[in-house]
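Notes follow once the structure below has been shown.
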Amino acid sequence: MTLKKIKIINVVMFFTLSFLWHFVYDLLPNFLTAIFFPVNESIWEHMKIIFGVITFGSLISLVLMNKFKVPHNNFYVEMVCKAFLGVAFYLIIFIPLYKLFGENMFISITLMLLTYIFVEFIGYKILKLDELNIKILPIILIILCYILFTLLTYYPRHNFLFFDETKFIYGIPK
């Protein structure tokens, strides 16, 4: 197996996991699932899907790379870069489209697939770089991001990013 094949598998895996990720909180509503999975239909909560799927899926990818002895460098840097870039890429394209057309499931799903293709391309390039020997900082950044997700899930800002237009709420449904 090659790194390119693993990256293609990742795109399919990420896209598939996204649909599962979307419904976990509805099936198992509790404090822990509220941190990692979307609790409503707001734009912000859907960023948990991209961030979480990329983070979790990257760990599965690491297992595959190690199992098939696929050479790679900078895994932790790659994982955090993909997670942050995925959220930024999605929002930069989605927000103008959302303002123009409103909520459109076809646009959302297509953009999510394009996001995963984009981050896996970037991830491939990062894994091919010479070893950067940075491991702890990316892990700290992931933890800090989940702290931010937790705070903004339980104490959402009152703006359009955090507003669930289907239930007319901010944050966790009561």
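If you're wondering about the labels, chains in the structure tokens are A, B, ... by order shown, residues count from 1 in each chain, ligands from 1 in order shown.
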Exercise for review: Within chain A, find each residue whose DSSP state, derived from the backbone, is strand (DSSP E), and express the selection as number ranges by chain.
Suggested key: A: 163-164, 169-170
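Minimum atom-to-atom distances from A:Asn104, A:Asn40, A:Asn10, A:Thr2 to A:Asp26 were compared using only C-alpha atoms, and the lowest value belongs to A:Asn40.
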Study note, to complete from the structure: Using only C-alpha atoms, the shortest atom-to-atom distance to A:Ile8 among A:Phe37, A:Tyr124, A:Phe51, A:Phe106 belongs to A:Tyr124
Point to revise | DSSP-assigned helix (DSSP H, G or I) among stretch 75-160 of chain A, expressed as JSON, numbers by chain | key: {"A": [75, 76, 77, 78, 79, 80, 81, 82, 83, 84, 85, 86, 87, 88, 89, 90, 91, 92, 93, 94, 95, 96, 97, 98, 99, 100, 101, 105, 106, 107, 108, 109, 110, 111, 112, 113, 114, 115, 116, 117, 118, 119, 120, 121, 122, 123, 124, 125, 126, 127, 128, 136, 137, 138, 139, 140, 141, 142, 143, 144, 145, 146, 147, 148, 149, 150, 151, 152, 153, 154, 160]}
Check your understanding: Which is closest to A:Met1 among A:Ser58, A:Asn66, A:Ser18, A:Asn30, if we use only C-alpha atoms?
Key -> A:Asn66
Please provide the set of residues having any atom within 6 Å of stretch 151-165 of chain A, restricted to only C-alpha atoms, with same-chain residues fewer than 2 positions apart removed, written as an mmCIF file with N, CA and C atoms, in the first residue's frame.
data_model
loop_
_atom_site.group_PDB
_atom_site.id
_atom_site.type_symbol
_atom_site.label_atom_id
_atom_site.label_comp_id
_atom_site.auth_asym_id
_atom_site.auth_seq_id
_atom_site.Cartn_x
_atom_site.Cartn_y
_atom_site.Cartn_z
ATOM 1 N N GLU A 41 -27.989 22.019 14.731
ATOM 2 C CA GLU A 41 -27.729 22.181 13.294
ATOM 3 C C GLU A 41 -27.032 23.499 12.951
ATOM 4 N N SER A 42 -26.394 24.129 13.922
ATOM 5 C CA SER A 42 -25.694 25.389 13.640
ATOM 6 C C SER A 42 -24.418 25.132 12.841
ATOM 7 N N ILE A 43 -23.947 26.167 12.183
ATOM 8 C CA ILE A 43 -22.707 26.071 11.419
ATOM 9 C C ILE A 43 -21.559 25.681 12.347
ATOM 10 N N TRP A 44 -21.473 26.322 13.504
ATOM 11 C CA TRP A 44 -20.383 26.049 14.447
ATOM 12 C C TRP A 44 -20.354 24.581 14.868
ATOM 13 N N LEU A 148 -12.165 24.675 23.580
ATOM 14 C CA LEU A 148 -12.944 25.742 22.946
ATOM 15 C C LEU A 148 -14.290 25.211 22.451
ATOM 16 N N PHE A 149 -14.294 24.048 21.806
ATOM 17 C CA PHE A 149 -15.556 23.447 21.373
ATOM 18 C C PHE A 149 -16.492 23.244 22.563
ATOM 19 N N LYS A 167 -34.264 24.589 14.856
ATOM 20 C CA LYS A 167 -34.899 24.549 16.176
ATOM 21 C C LYS A 167 -34.965 25.925 16.833
ATOM 22 N N PHE A 168 -34.394 26.920 16.181
ATOM 23 C CA PHE A 168 -34.355 28.296 16.690
ATOM 24 C C PHE A 168 -33.734 28.374 18.081
ATOM 25 N N ILE A 169 -32.560 27.750 18.197
ATOM 26 C CA ILE A 169 -31.862 27.739 19.479
ATOM 27 C C ILE A 169 -30.371 28.001 19.270
ATOM 28 N N TYR A 170 -29.720 28.313 20.380
ATOM 29 C CA TYR A 170 -28.271 28.347 20.466
ATOM 30 C C TYR A 170 -27.861 27.234 21.430
ATOM 31 N N GLY A 171 -26.825 26.505 21.111
ATOM 32 C CA GLY A 171 -26.294 25.511 22.047
ATOM 33 C C GLY A 171 -27.103 24.242 22.131
#
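Proximity of A:Tyr90, A:Phe121, A:Tyr25, A:Tyr146 to A:Ser108, computed with only C-alpha atoms, is greatest for A:Tyr90.
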Practice item. Name the residues in contact with A:Met13 at a cut-off of 12 Å, using only C-alpha atoms, excluding same-chain residues fewer than 6 positions from it; report them as a PyMOL selection string. Key: chain A and resi 6-7+19-21+53-54+56-61+113+116-117+120
Point to revise | d(atom CA of A:Cys145, atom CA of A:Val39) in Å | key: 16.7 Å
Check your understanding: What separation in Å, quoted to one decimal, exists between atom CA of A:Glu78 and atom CA of A:Ile126?
Key -> 5.8 Å
Practice item. Find, counting only C-alpha atoms, the residue in A:Val70, A:Ile9, A:Leu100, A:Ile172 that gets nearest to A:Glu45. Key: A:Ile172
